[in-house]
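**Student:** What follows is a structure written as C-alpha cells; I'll ask about it next.
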Amino acid sequence: MFCGDCLVRGEGEPDVDLLVLDPPYNLTKTFNGFKFSQQRVVAYSEWLDGVVRALKPRLKPEASIYVCGDWLTSVSIFSVVSQHFTVRSRISWEREKGRGAKSNWKNACEDIWFCTMGDRYTFNLDAVKLRRRVQAPYRDSDGAPKDWQAEEGGNFRDTHPSNFWSDITIPFWSMPENTDHPTQKSEKLIAKLVLASSNPGDLVWDPFLGSGTTAVVAAKLGRRYWGIEQDEEYCLLALRRLELAIDDGGIQGFEKGVFWERNSQRGRR
C-alpha cells in the first residue's frame, strides 16, 4: 500500500492482472476534508481520460478492468473506456441505502463497467454463482429435485451471474467491515469482481483505495494487492482492516464458494 497520488505511480512494467477503478464520481463530495466538485460532463471525461492513460501502462495484455460510477458518471466512463479497452458489460447493482429524493426519482443503483485489454482474459464463472431461493421447486419424473437442492431453511438453486445485482448490502454500523468512509463499497461486491476476473496469486490494483476494501478482499481471497490512497487517515484505516483480516477471512454474503441472496444467509466463508 502507498499513501500518495496514484497518477504519480502509474508508470512501470505491465504487472497488473485486475484493475478495480473507483474514482470520485462526478458529483460534489467531501472525503475527510478533500472536496471533489461536480464538473461539466466534458471536463470530467477529460479528467477521467487522463487517469486511464496514466494507469493503462501497468496493465497486462490479459488484464481485466472494472470502473465504478453512478448514472451521471457512467456517461463519461463509457466515452473514455471505449477508447482504451474492450467494453464487455455494464453491471448495475442495487444500492438500497440512502434518503429519498423529493423532486426526482431516488437514485437506488450504481454501475460498474467491465472491460478487458483484449480478447484473452480471465472469467471464472463457477466462482461467482448466486444461490437463489426456489419458489416453485420442480421435480423430475422420479421425484428428484430438478436443477435445485434442498438446504437448511429452504430450497435453493445456484444461478449464473447476471449484470444486475440485487444482493448487495451497503456496509452499516453493525457490520464488522463498516467504516466512516462516505462511499465505502461492500466486501461482497468487490469479492465478485476479484473472484470472476483474477486467479490466486494475481495482482489486484486499486489506485483509489479509500477505506481499503479491495486490498482486504484480495488478501482474504489469496490475491496480491496494490492499493494507493492519498489520505493518510484512510491509509491507516485500511492497514488496520488488513490486520483484522488475518484473523477473520470471512466475507458477509459469501459462504463455501457461493454468493447468497441478500438477507438469506450470513455467509461467513
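Following the order of the C-alpha cells, first chain is A, next is B, and so on, with residues numbered from 1 inside each chain and ligands from 1 in the order they appear.
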Show me, as a PyMOL selection string, the residues that have an atom within 6 Å of segment 112-119 of chain A when counting only C-alpha atoms, minus same-chain residues fewer than 5 positions from it.
**Tutor:** chain A and resi 61+63-68+85-91
**Student:** Which of segment 171-222 of chain A counts as helix (DSSP H, G or I) under DSSP, as number ranges by chain please?
**Tutor:** A: 187-197, 213-220
**Student:** What is the distance between atom CA of Asp158 of chain A and atom CA of Lys256 of chain A, in Å to one decimal?
**Tutor:**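 Atom CA of Asp158 of chain A sits 12.4 Å away from atom CA of Lys256 of chain A.
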**Student:** With distances taken over only C-alpha atoms, which of A:Tyr225, A:Phe123, A:Trp205, A:Phe34 is nearest to Pro161 of chain A?
**Tutor:**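 Closest residue, counting only C-alpha atoms: A:Phe123.
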**Student:** So that I can see what lies close to Tyr25 of chain A, please list as a ChimeraX atom specification the residues with an atom at most 12 Å from it, counting only C-alpha atoms and leaving out residues fewer than 3 positions away in the same chain.
**Tutor:** /A:21-22,28-31,35-39,41,44-45,47-48,67-77,110-112,183,208
**Student:** Filtering to C-alpha atoms, could you give me those residues as a CSV table (one decimal), in the first residue's frame?
**Tutor:**
```csv
chain,number,residue,atom,x,y,z
A,21,LEU,CA,-11.0,1.7,-10.6
A,22,ASP,CA,-13.3,3.5,-8.2
A,28,THR,CA,-19.7,17.1,-5.2
A,29,LYS,CA,-18.4,15.1,-2.3
A,30,THR,CA,-16.0,15.6,0.7
A,31,PHE,CA,-13.5,12.9,1.6
A,35,LYS,CA,-13.5,18.1,-1.7
A,36,PHE,CA,-14.2,16.8,-5.2
A,37,SER,CA,-16.6,19.1,-7.0
A,38,GLN,CA,-19.0,18.2,-9.8
A,39,GLN,CA,-17.9,19.3,-13.2
A,41,VAL,CA,-19.5,16.2,-18.3
A,44,TYR,CA,-15.0,15.2,-16.0
A,45,SER,CA,-14.5,13.0,-19.1
A,47,TRP,CA,-10.1,14.2,-16.2
A,48,LEU,CA,-11.0,10.5,-16.3
A,67,VAL,CA,-14.7,1.1,-13.4
A,68,CYS,CA,-17.3,2.2,-10.8
A,69,GLY,CA,-19.7,5.1,-11.2
A,70,ASP,CA,-23.2,6.4,-10.8
A,71,TRP,CA,-25.7,7.3,-13.6
A,72,LEU,CA,-24.1,10.6,-14.5
A,73,THR,CA,-20.5,9.4,-14.2
A,74,SER,CA,-21.3,6.5,-16.4
A,75,VAL,CA,-21.8,8.9,-19.3
A,76,SER,CA,-18.1,9.8,-19.1
A,77,ILE,CA,-17.0,6.3,-18.2
A,110,GLU,CA,-24.8,2.3,-9.3
A,111,ASP,CA,-22.8,1.0,-12.3
A,112,ILE,CA,-19.7,-1.0,-12.8
A,183,THR,CA,-18.5,5.9,-0.2
A,208,PHE,CA,-8.3,5.0,-5.3
```
**Student:** So that I can check the secondary structure, give me every residue of segment 180-221 of chain A assigned strand (DSSP E) by backbone DSSP, as a list in words.
**Tutor:**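 Those residues are Leu203, Val204, Trp205 and Asp206 of chain A.
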**Student:** Please produce an output containing C-alpha atoms for each residue in the selection, written as a compact mmCIF listing (two decimals), in the first residue's frame.
**Tutor:**
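Okay, this is what ended up in part_28.txt:
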```txt
# COMPACT_ATOMS: atom_id res chain seq x y z
CA LEU A 203 -2.10 -8.80 -8.66
CA VAL A 204 -5.19 -6.68 -7.98
CA TRP A 205 -4.71 -2.91 -8.21
CA ASP A 206 -6.95 -0.23 -6.70
```
**Student:** Measure the distance from atom CA of Val194 of chain A to atom CA of Trp165 of chain A in Å and round it to one decimal.
**Tutor:**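 For atom CA of Val194 of chain A relative to atom CA of Trp165 of chain A, the distance reads 15.5 Å.
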**Student:** Grab the atom CA of Ser82 of chain A to atom CA of His160 of chain A distance for me, in Å with one decimal place.
**Tutor:**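 Computing it gives 25.9 Å between the two atoms.
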